[in-house]
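Enquirer: You'll find entry-v6.pdb just under this line, and it carries PDB, C-alpha atoms, pLDDT in the B column.
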```pdb
ATOM      1  CA  MET A 137     -18.143   4.559 -86.828  1.00 40.00           C
ATOM      2  CA  PRO A 138     -15.982   7.685 -86.243  1.00 43.00           C
ATOM      3  CA  ARG A 139     -17.329  10.298 -83.875  1.00 47.00           C
ATOM      4  CA  GLN A 140     -17.924  13.893 -84.851  1.00 49.00           C
ATOM      5  CA  ARG A 141     -14.973  16.111 -84.050  1.00 51.00           C
ATOM      6  CA  VAL A 142     -14.702  19.675 -82.858  1.00 52.00           C
ATOM      7  CA  ARG A 143     -12.404  21.886 -84.895  1.00 53.00           C
ATOM      8  CA  GLU A 144     -11.070  25.380 -84.426  1.00 55.00           C
ATOM      9  CA  ARG A 145     -11.248  28.149 -87.000  1.00 59.00           C
ATOM     10  CA  THR A 146      -7.848  29.568 -87.860  1.00 65.00           C
ATOM     11  CA  SER A 147      -6.719  32.548 -89.904  1.00 70.00           C
ATOM     12  CA  VAL A 148      -3.554  34.384 -90.870  1.00 79.00           C
ATOM     13  CA  LEU A 149      -4.202  36.889 -88.067  1.00 78.00           C
ATOM     14  CA  THR A 150      -4.216  34.038 -85.560  1.00 79.00           C
ATOM     15  CA  VAL A 151      -0.752  32.988 -86.697  1.00 81.00           C
ATOM     16  CA  ILE A 152       0.496  36.604 -86.584  1.00 83.00           C
ATOM     17  CA  GLY A 153      -0.919  36.994 -83.085  1.00 82.00           C
ATOM     18  CA  ARG A 154       1.021  33.955 -81.931  1.00 84.00           C
ATOM     19  CA  LEU A 155       4.234  35.433 -83.293  1.00 87.00           C
ATOM     20  CA  VAL A 156       4.019  38.431 -80.933  1.00 85.00           C
ATOM     21  CA  PRO A 157       4.400  36.454 -77.663  1.00 87.00           C
ATOM     22  CA  LEU A 158       6.968  34.265 -79.418  1.00 90.00           C
ATOM     23  CA  VAL A 159       9.115  37.309 -80.168  1.00 90.00           C
ATOM     24  CA  LEU A 160       8.730  38.533 -76.566  1.00 89.00           C
ATOM     25  CA  ALA A 161       9.671  35.100 -75.251  1.00 92.00           C
ATOM     26  CA  LEU A 162      12.777  34.994 -77.440  1.00 92.00           C
ATOM     27  CA  ALA A 163      13.736  38.477 -76.247  1.00 89.00           C
ATOM     28  CA  LEU A 164      13.404  37.389 -72.613  1.00 90.00           C
ATOM     29  CA  ILE A 165      15.507  34.307 -73.286  1.00 93.00           C
ATOM     30  CA  TRP A 166      18.132  36.388 -75.092  1.00 89.00           C
ATOM     31  CA  TYR A 167      18.478  38.983 -72.356  1.00 86.00           C
ATOM     32  CA  GLY A 168      18.376  36.249 -69.734  1.00 90.00           C
ATOM     33  CA  ALA A 169      21.438  34.822 -71.441  1.00 91.00           C
ATOM     34  CA  MET A 170      23.046  38.271 -71.258  1.00 88.00           C
ATOM     35  CA  LEU A 171      22.455  38.292 -67.493  1.00 88.00           C
ATOM     36  CA  VAL A 172      24.152  34.923 -67.259  1.00 91.00           C
ATOM     37  CA  LEU A 173      27.162  36.330 -69.147  1.00 88.00           C
ATOM     38  CA  LEU A 174      27.335  39.265 -66.749  1.00 87.00           C
ATOM     39  CA  ALA A 175      27.058  36.872 -63.795  1.00 90.00           C
ATOM     40  CA  VAL A 176      30.044  34.852 -65.005  1.00 90.00           C
ATOM     41  CA  LYS A 177      32.151  38.039 -65.160  1.00 88.00           C
ATOM     42  CA  VAL A 178      32.082  38.659 -68.913  1.00 88.00           C
ATOM     43  CA  ALA A 179      33.089  42.256 -69.591  1.00 88.00           C
ATOM     44  CA  PRO A 180      30.029  44.580 -69.644  1.00 86.00           C
ATOM     45  CA  SER A 181      31.368  46.240 -72.786  1.00 87.00           C
ATOM     46  CA  THR A 182      31.366  42.881 -74.556  1.00 88.00           C
ATOM     47  CA  VAL A 183      27.806  42.105 -73.408  1.00 86.00           C
ATOM     48  CA  ASN A 184      26.681  45.572 -74.485  1.00 86.00           C
ATOM     49  CA  ALA A 185      28.279  45.063 -77.897  1.00 87.00           C
ATOM     50  CA  ILE A 186      26.314  41.816 -78.281  1.00 86.00           C
ATOM     51  CA  SER A 187      22.955  42.939 -76.917  1.00 85.00           C
ATOM     52  CA  GLY A 188      23.028  46.738 -76.705  1.00 84.00           C
ATOM     53  CA  TYR A 189      21.374  46.585 -73.280  1.00 81.00           C
ATOM     54  CA  ARG A 190      23.368  49.493 -71.840  1.00 84.00           C
ATOM     55  CA  THR A 191      22.844  51.627 -74.943  1.00 85.00           C
ATOM     56  CA  ALA A 192      19.091  51.040 -74.802  1.00 82.00           C
ATOM     57  CA  PHE A 193      18.996  51.743 -71.062  1.00 81.00           C
ATOM     58  CA  ASN A 194      20.915  54.995 -71.435  1.00 83.00           C
ATOM     59  CA  TRP A 195      18.651  56.136 -74.281  1.00 80.00           C
ATOM     60  CA  LEU A 196      15.475  55.414 -72.310  1.00 77.00           C
ATOM     61  CA  SER A 197      16.769  56.983 -69.090  1.00 80.00           C
ATOM     62  CA  ASP A 198      17.762  60.091 -71.016  1.00 79.00           C
ATOM     63  CA  LEU A 199      14.205  60.714 -72.203  1.00 72.00           C
ATOM     64  CA  THR A 200      12.595  63.741 -70.573  1.00 75.00           C
ATOM     65  CA  PRO A 201       9.327  65.621 -71.148  1.00 73.00           C
ATOM     66  CA  ALA A 202      11.347  68.385 -72.767  1.00 72.00           C
ATOM     67  CA  LYS A 203      12.542  65.966 -75.447  1.00 69.00           C
ATOM     68  CA  VAL A 204       8.980  64.949 -76.254  1.00 69.00           C
ATOM     69  CA  ASP A 205       7.777  68.472 -76.804  1.00 71.00           C
ATOM     70  CA  GLY A 206       5.562  69.926 -79.476  1.00 71.00           C
ATOM     71  CA  THR A 207       1.969  69.252 -80.425  1.00 76.00           C
ATOM     72  CA  THR A 208       2.908  67.316 -83.558  1.00 78.00           C
ATOM     73  CA  THR A 209       5.294  64.976 -81.744  1.00 76.00           C
ATOM     74  CA  ARG A 210       2.844  64.239 -78.979  1.00 78.00           C
ATOM     75  CA  ALA A 211       0.029  63.681 -81.470  1.00 84.00           C
ATOM     76  CA  ILE A 212       2.196  61.184 -83.348  1.00 82.00           C
ATOM     77  CA  LEU A 213       3.077  59.335 -80.150  1.00 79.00           C
ATOM     78  CA  ALA A 214      -0.552  59.287 -79.012  1.00 86.00           C
ATOM     79  CA  GLY A 215      -1.691  58.039 -82.415  1.00 89.00           C
ATOM     80  CA  ALA A 216       0.979  55.324 -82.388  1.00 88.00           C
ATOM     81  CA  GLY A 217      -0.127  54.252 -78.905  1.00 89.00           C
ATOM     82  CA  VAL A 218      -3.789  54.043 -79.914  1.00 92.00           C
ATOM     83  CA  ALA A 219      -2.894  52.180 -83.107  1.00 93.00           C
ATOM     84  CA  ALA A 220      -0.743  49.709 -81.172  1.00 90.00           C
ATOM     85  CA  PHE A 221      -3.575  49.183 -78.673  1.00 91.00           C
ATOM     86  CA  LEU A 222      -6.081  48.483 -81.440  1.00 92.00           C
ATOM     87  CA  VAL A 223      -3.779  46.212 -83.444  1.00 90.00           C
ATOM     88  CA  PHE A 224      -2.514  44.136 -80.532  1.00 87.00           C
ATOM     89  CA  GLY A 225      -5.958  44.070 -78.946  1.00 88.00           C
ATOM     90  CA  TYR A 226      -7.475  42.733 -82.166  1.00 87.00           C
ATOM     91  CA  LEU A 227      -4.715  40.141 -82.474  1.00 84.00           C
ATOM     92  CA  ALA A 228      -5.387  39.072 -78.890  1.00 84.00           C
ATOM     93  CA  LEU A 229      -9.103  38.800 -79.681  1.00 84.00           C
ATOM     94  CA  LYS A 230      -8.334  36.536 -82.630  1.00 81.00           C
ATOM     95  CA  GLN A 231      -6.525  34.178 -80.254  1.00 80.00           C
ATOM     96  CA  LEU A 232      -9.785  33.276 -78.527  1.00 79.00           C
ATOM     97  CA  PRO A 233     -10.805  29.773 -79.620  1.00 74.00           C
ATOM     98  CA  ARG A 234     -13.859  29.526 -81.844  1.00 70.00           C
ATOM     99  CA  PRO A 235     -14.610  25.810 -82.030  1.00 64.00           C
ATOM    100  CA  TYR A 236     -17.236  24.384 -84.336  1.00 56.00           C
ATOM    101  CA  LEU A 237     -18.539  20.942 -85.101  1.00 58.00           C
ATOM    102  CA  ALA A 238     -16.745  19.387 -88.035  1.00 58.00           C
ATOM    103  CA  ARG A 239     -19.213  17.957 -90.530  1.00 66.00           C
ATOM    104  CA  ARG A 240     -18.662  15.894 -93.616  1.00 69.00           C
ATOM    105  CA  ASP A 241     -20.685  14.629 -96.535  1.00 68.00           C
ATOM    106  CA  LEU A 242     -22.622  11.372 -96.293  1.00 70.00           C
ATOM    107  CA  SER A 243     -21.328   8.838 -98.805  1.00 68.00           C
ATOM    108  CA  LEU A 244     -24.124   6.751-100.326  1.00 70.00           C
ATOM    109  CA  SER A 245     -22.180   4.776-102.881  1.00 68.00           C
ATOM    110  CA  ALA A 246     -18.833   4.678-104.648  1.00 67.00           C
ATOM    111  CA  ASP A 247     -17.683   2.787-107.707  1.00 70.00           C
ATOM    112  CA  ALA A 248     -15.415   3.155-110.713  1.00 74.00           C
ATOM    113  CA  HIS A 249     -17.699   5.841-112.166  1.00 75.00           C
ATOM    114  CA  GLY A 250     -17.666   8.073-109.127  1.00 76.00           C
ATOM    115  CA  GLU A 251     -19.146   8.617-105.688  1.00 78.00           C
ATOM    116  CA  VAL A 252     -22.600   9.719-104.579  1.00 77.00           C
ATOM    117  CA  LEU A 253     -22.416  12.203-101.708  1.00 80.00           C
ATOM    118  CA  VAL A 254     -25.115  14.002 -99.743  1.00 81.00           C
ATOM    119  CA  GLU A 255     -24.186  17.284 -98.100  1.00 84.00           C
ATOM    120  CA  PRO A 256     -24.987  17.682 -94.395  1.00 84.00           C
ATOM    121  CA  ARG A 257     -27.262  20.653 -95.028  1.00 87.00           C
ATOM    122  CA  ALA A 258     -29.414  18.563 -97.388  1.00 88.00           C
ATOM    123  CA  ILE A 259     -30.006  15.988 -94.647  1.00 87.00           C
ATOM    124  CA  GLU A 260     -30.742  18.711 -92.116  1.00 89.00           C
ATOM    125  CA  ARG A 261     -33.203  20.396 -94.484  1.00 92.00           C
ATOM    126  CA  LEU A 262     -34.949  17.077 -95.067  1.00 92.00           C
ATOM    127  CA  ALA A 263     -35.378  16.618 -91.311  1.00 93.00           C
ATOM    128  CA  GLU A 264     -36.650  20.184 -90.878  1.00 93.00           C
ATOM    129  CA  VAL A 265     -39.265  19.806 -93.624  1.00 94.00           C
ATOM    130  CA  ALA A 266     -40.433  16.471 -92.193  1.00 93.00           C
ATOM    131  CA  ALA A 267     -40.688  17.897 -88.684  1.00 93.00           C
ATOM    132  CA  ASN A 268     -42.629  20.948 -89.843  1.00 93.00           C
ATOM    133  CA  THR A 269     -45.348  18.727 -91.346  1.00 93.00           C
ATOM    134  CA  HIS A 270     -46.612  18.154 -87.802  1.00 91.00           C
ATOM    135  CA  GLU A 271     -49.343  20.649 -87.006  1.00 90.00           C
ATOM    136  CA  ALA A 272     -48.011  21.331 -83.498  1.00 90.00           C
ATOM    137  CA  VAL A 273     -44.496  22.225 -84.697  1.00 90.00           C
ATOM    138  CA  SER A 274     -43.837  25.905 -85.358  1.00 90.00           C
ATOM    139  CA  GLY A 275     -40.158  25.607 -86.194  1.00 90.00           C
ATOM    140  CA  ALA A 276     -37.393  23.040 -86.567  1.00 92.00           C
ATOM    141  CA  ARG A 277     -33.641  23.095 -86.913  1.00 91.00           C
ATOM    142  CA  GLY A 278     -31.588  20.035 -87.865  1.00 90.00           C
ATOM    143  CA  ARG A 279     -27.971  19.231 -87.047  1.00 88.00           C
ATOM    144  CA  TYR A 280     -26.360  16.282 -88.798  1.00 86.00           C
ATOM    145  CA  SER A 281     -23.258  14.527 -87.525  1.00 79.00           C
ATOM    146  CA  VAL A 282     -21.550  11.373 -88.729  1.00 71.00           C
ATOM    147  CA  ASP A 283     -23.469   9.194 -86.283  1.00 74.00           C
ATOM    148  CA  ALA A 284     -26.779  10.933 -85.538  1.00 82.00           C
ATOM    149  CA  LEU A 285     -29.329  13.482 -86.655  1.00 87.00           C
ATOM    150  CA  SER A 286     -30.536  15.987 -84.062  1.00 89.00           C
ATOM    151  CA  VAL A 287     -33.615  18.162 -84.515  1.00 92.00           C
ATOM    152  CA  ASP A 288     -34.469  21.120 -82.281  1.00 93.00           C
ATOM    153  CA  LEU A 289     -38.192  21.872 -82.164  1.00 92.00           C
ATOM    154  CA  SER A 290     -40.369  24.839 -81.324  1.00 90.00           C
ATOM    155  CA  VAL A 291     -43.990  23.904 -80.688  1.00 90.00           C
ATOM    156  CA  ARG A 292     -47.293  25.761 -80.790  1.00 86.00           C
ATOM    157  CA  ARG A 293     -48.915  24.005 -77.853  1.00 81.00           C
ATOM    158  CA  ALA A 294     -47.886  22.156 -74.728  1.00 79.00           C
ATOM    159  CA  ARG A 295     -50.801  19.715 -74.785  1.00 82.00           C
ATOM    160  CA  GLY A 296     -49.698  16.258 -75.888  1.00 85.00           C
ATOM    161  CA  LEU A 297     -46.046  17.266 -75.972  1.00 88.00           C
ATOM    162  CA  ALA A 298     -44.691  13.735 -75.564  1.00 89.00           C
ATOM    163  CA  ASP A 299     -46.799  12.499 -78.473  1.00 91.00           C
ATOM    164  CA  THR A 300     -45.659  15.450 -80.575  1.00 91.00           C
ATOM    165  CA  LEU A 301     -41.991  14.640 -80.001  1.00 92.00           C
ATOM    166  CA  GLN A 302     -42.463  10.948 -80.722  1.00 93.00           C
ATOM    167  CA  ASP A 303     -44.498  11.595 -83.863  1.00 93.00           C
ATOM    168  CA  THR A 304     -41.964  14.119 -85.119  1.00 94.00           C
ATOM    169  CA  GLN A 305     -39.164  11.615 -84.574  1.00 94.00           C
ATOM    170  CA  ARG A 306     -41.098   9.028 -86.561  1.00 94.00           C
ATOM    171  CA  ARG A 307     -41.748  11.491 -89.396  1.00 95.00           C
ATOM    172  CA  VAL A 308     -38.048  12.340 -89.679  1.00 94.00           C
ATOM    173  CA  ALA A 309     -37.075   8.650 -89.668  1.00 93.00           C
ATOM    174  CA  ASP A 310     -39.703   7.912 -92.342  1.00 94.00           C
ATOM    175  CA  ALA A 311     -38.385  10.779 -94.474  1.00 92.00           C
ATOM    176  CA  LEU A 312     -34.876   9.348 -94.330  1.00 90.00           C
ATOM    177  CA  GLU A 313     -36.184   5.961 -95.400  1.00 91.00           C
ATOM    178  CA  GLN A 314     -38.358   7.468 -98.152  1.00 91.00           C
ATOM    179  CA  HIS A 315     -35.349   9.241 -99.665  1.00 89.00           C
ATOM    180  CA  GLU A 316     -33.241   6.071 -99.393  1.00 86.00           C
ATOM    181  CA  LEU A 317     -30.840   7.552 -96.869  1.00 86.00           C
ATOM    182  CA  PRO A 318     -29.151   5.316 -94.269  1.00 85.00           C
ATOM    183  CA  ALA A 319     -31.037   4.851 -91.017  1.00 86.00           C
ATOM    184  CA  MET A 320     -29.503   6.743 -88.123  1.00 87.00           C
ATOM    185  CA  PRO A 321     -30.502   7.759 -84.592  1.00 89.00           C
ATOM    186  CA  VAL A 322     -32.864  10.754 -84.617  1.00 92.00           C
ATOM    187  CA  ASN A 323     -32.690  12.915 -81.495  1.00 92.00           C
ATOM    188  CA  ILE A 324     -35.576  15.317 -80.929  1.00 92.00           C
ATOM    189  CA  THR A 325     -35.116  18.193 -78.463  1.00 91.00           C
ATOM    190  CA  LEU A 326     -37.695  20.771 -77.435  1.00 91.00           C
ATOM    191  CA  THR A 327     -36.024  24.188 -77.538  1.00 89.00           C
ATOM    192  CA  GLY A 328     -38.885  26.663 -77.910  1.00 85.00           C
ATOM    193  CA  TYR A 329     -42.535  27.373 -77.272  1.00 80.00           C
ATOM    194  CA  ASP A 330     -44.730  29.707 -79.290  1.00 73.00           C
ATOM    195  CA  ARG A 331     -45.879  32.267 -76.726  1.00 66.00           C
ATOM    196  CA  ARG A 332     -48.810  33.303 -78.871  1.00 64.00           C
ATOM    197  CA  HIS A 333     -50.435  30.075 -77.719  1.00 52.00           C
ATOM    198  CA  ARG A 334     -49.621  30.295 -73.984  1.00 51.00           C
ATOM    199  CA  ARG A 335     -53.286  30.035 -73.046  1.00 49.00           C
ATOM    200  CA  GLU A 336     -53.187  26.358 -74.044  1.00 46.00           C
ATOM    201  CA  LEU A 337     -51.015  25.657 -70.999  1.00 43.00           C
ATOM    202  CA  HIS A 338     -54.044  26.077 -68.733  1.00 43.00           C
TER
END
```
Taking this structure as input, can you express it in the form of structure tokens?
Expert:
Amino acid sequence: MPRQRVRERTSVLTVIGRLVPLVLALALIWYGAMLVLLAVKVAPSTVNAISGYRTAFNWLSDLTPAKVDGTTTRAILAGAGVAAFLVFGYLALKQLPRPYLARRDLSLSADAHGEVLVEPRAIERLAEVAANTHEAVSGARGRYSVDALSVDLSVRRARGLADTLQDTQRRVADALEQHELPAMPVNITLTGYDRRHRRELH
């Protein structure tokens, strides 16, 4: 049986964000090639005509505070800098991986007339309802994968905890059988305790 896979959420912004370092990398490669041409004694005027490196250098070195004068000009430059920071920062944030568990529908039957599918959330809801029928359970959350059903429990009391977990597991398995769903491993995990009943720990 195939194992559940982890997938990564992607968006158009993720693709755009990857284009930015790609463009920078291509620029570095291009100007690295220009350095190679200069190293092999190609005329600087020819290299400048191809890449414009000397023109760009002269323009940047010629910039002085006097040429960036005026409140309006400085406000525009400051606004452009802030906008660039926000845009490129957001694109960088979108590059962070956001993996999630890939889930798929459970196929019950398939024939010439069609296929019977059960959505993962329906199976999880069935497990949650079955688990909540136990009087000691205050909350349940199911997670269905292609090879197992996991249920996280919050309980009201610590007394008889092992019996509570075993009984809850049996209730979930019985619910699957009652609704004619395929048998699968049911994993029960204690994830919470109702603090309103802490006195029962003593």
Enquirer: Got a sec: who's within 8 Å of Leu242 of chain A, counting only C-alpha atoms, leaving out chain neighbours fewer than 6 positions off, as number ranges by chain?
Expert: A: 253-256, 282
Enquirer: Can you spell out as a list in words the set of residues that the PyMOL selection byres ((chain A and resi 310) around 12) selects in the structure I just provided?
Expert: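 Taken on the displayed file, the PyMOL selection byres ((chain A and resi 310) around 12) yields the residues Leu262, Ala263, Val265, Ala266, Ala267, Asp303, Thr304, Gln305, Arg306, Arg307, Val308, Ala309, Ala311, Leu312, Glu313, Gln314, His315, Glu316, Leu317, Pro318, Ala319, Met320 and Val322 of chain A.
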Enquirer: Extract, using all atoms listed in the file, all DNA, RNA and protein residues at most 9 Å from Lys230 of chain A, discarding same-chain residues fewer than 6 positions from it, and format them as a PyMOL selection string.
Expert: chain A and resi 146-147+149-150+153
Enquirer: For the residues in the current selection, export C-alpha atoms as a PDB file, in the frame of the given file.
Expert:
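Okay, this is what ended up in out29.pdb:
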```pdb
ATOM      1  CA  THR A 146      -7.848  29.568 -87.860  1.00 65.00           C
ATOM      2  CA  SER A 147      -6.719  32.548 -89.904  1.00 70.00           C
ATOM      3  CA  LEU A 149      -4.202  36.889 -88.067  1.00 78.00           C
ATOM      4  CA  THR A 150      -4.216  34.038 -85.560  1.00 79.00           C
ATOM      5  CA  GLY A 153      -0.919  36.994 -83.085  1.00 82.00           C
TER       6      GLY A 153
END
```
Enquirer: What is the distance, in Å and to one decimal place, between atom CA of Ile324 of chain A and atom CA of Val287 of chain A?
Expert: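 Distance reported for this atom pair: 5.0 Å.
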Enquirer: Please compute the atom CA of Arg292 of chain A-atom CA of Ala272 of chain A distance, one decimal, in Å.
Expert: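 So the answer is 5.2 Å.
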Enquirer: Let me make sure I understand: among A:Pro321, A:Gly168, A:Gly328, A:Pro157, which one has the smallest atom-to-atom distance to Tyr189 of chain A if we use all atoms listed in the file?
Expert: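 Among A:Pro321, A:Gly168, A:Gly328, A:Pro157, it is A:Gly168 that comes nearest to Tyr189 of chain A.
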Enquirer: Applying the PyMOL selection byres ((chain A and resi 274) around 7) to the file I just gave you, which residues come out? Please list them as a VMD selection string.
Expert: chain A and resid 268 272 to 273 275 290 to 292
Enquirer: With C-alpha atoms kept, could you save the residues just selected as a JSON list (two decimals), in the frame of the given file?
Expert:
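Saved file selection.json follows:
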```
[["chain", "number", "residue", "atom", "x", "y", "z"],
["A", 268, "ASN", "CA", -42.63, 20.95, -89.84],
["A", 272, "ALA", "CA", -48.01, 21.33, -83.50],
["A", 273, "VAL", "CA", -44.50, 22.22, -84.70],
["A", 275, "GLY", "CA", -40.16, 25.61, -86.19],
["A", 290, "SER", "CA", -40.37, 24.84, -81.32],
["A", 291, "VAL", "CA", -43.99, 23.90, -80.69],
["A", 292, "ARG", "CA", -47.29, 25.76, -80.79]]
```
Enquirer: Of the candidates A:Asp299, A:Glu271, A:Asp198, A:Glu260, which shows the shortest atom-to-atom distance to Leu285 of chain A, using all atoms listed in the file?
Expert: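 Looking only at the distances to Leu285 of chain A, the closest residue turns out to be A:Glu260.
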Enquirer: Taking only C-alpha atoms into account, name the residue in A:Thr208, A:Ser197, A:Arg277, A:Val172 that is nearest to Ile259 of chain A.
Expert: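 Going through A:Thr208, A:Ser197, A:Arg277, A:Val172 one by one, the smallest distance to Ile259 of chain A is for A:Arg277.
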Enquirer: Taking into account all atoms listed in the file, which residue in the set A:Asn184, A:Thr327, A:Gln231, A:Thr191 is nearest to Leu289 of chain A?
Expert: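 So, comparing all the options, the nearest one is A:Thr327.
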Enquirer: Rank nothing, just name the residue among A:Ala214, A:Leu222, A:Ala202, A:Leu227 nearest to Ile152 of chain A, using only C-alpha atoms.
Expert: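 Among the listed residues, A:Leu227 lies closest to Ile152 of chain A.
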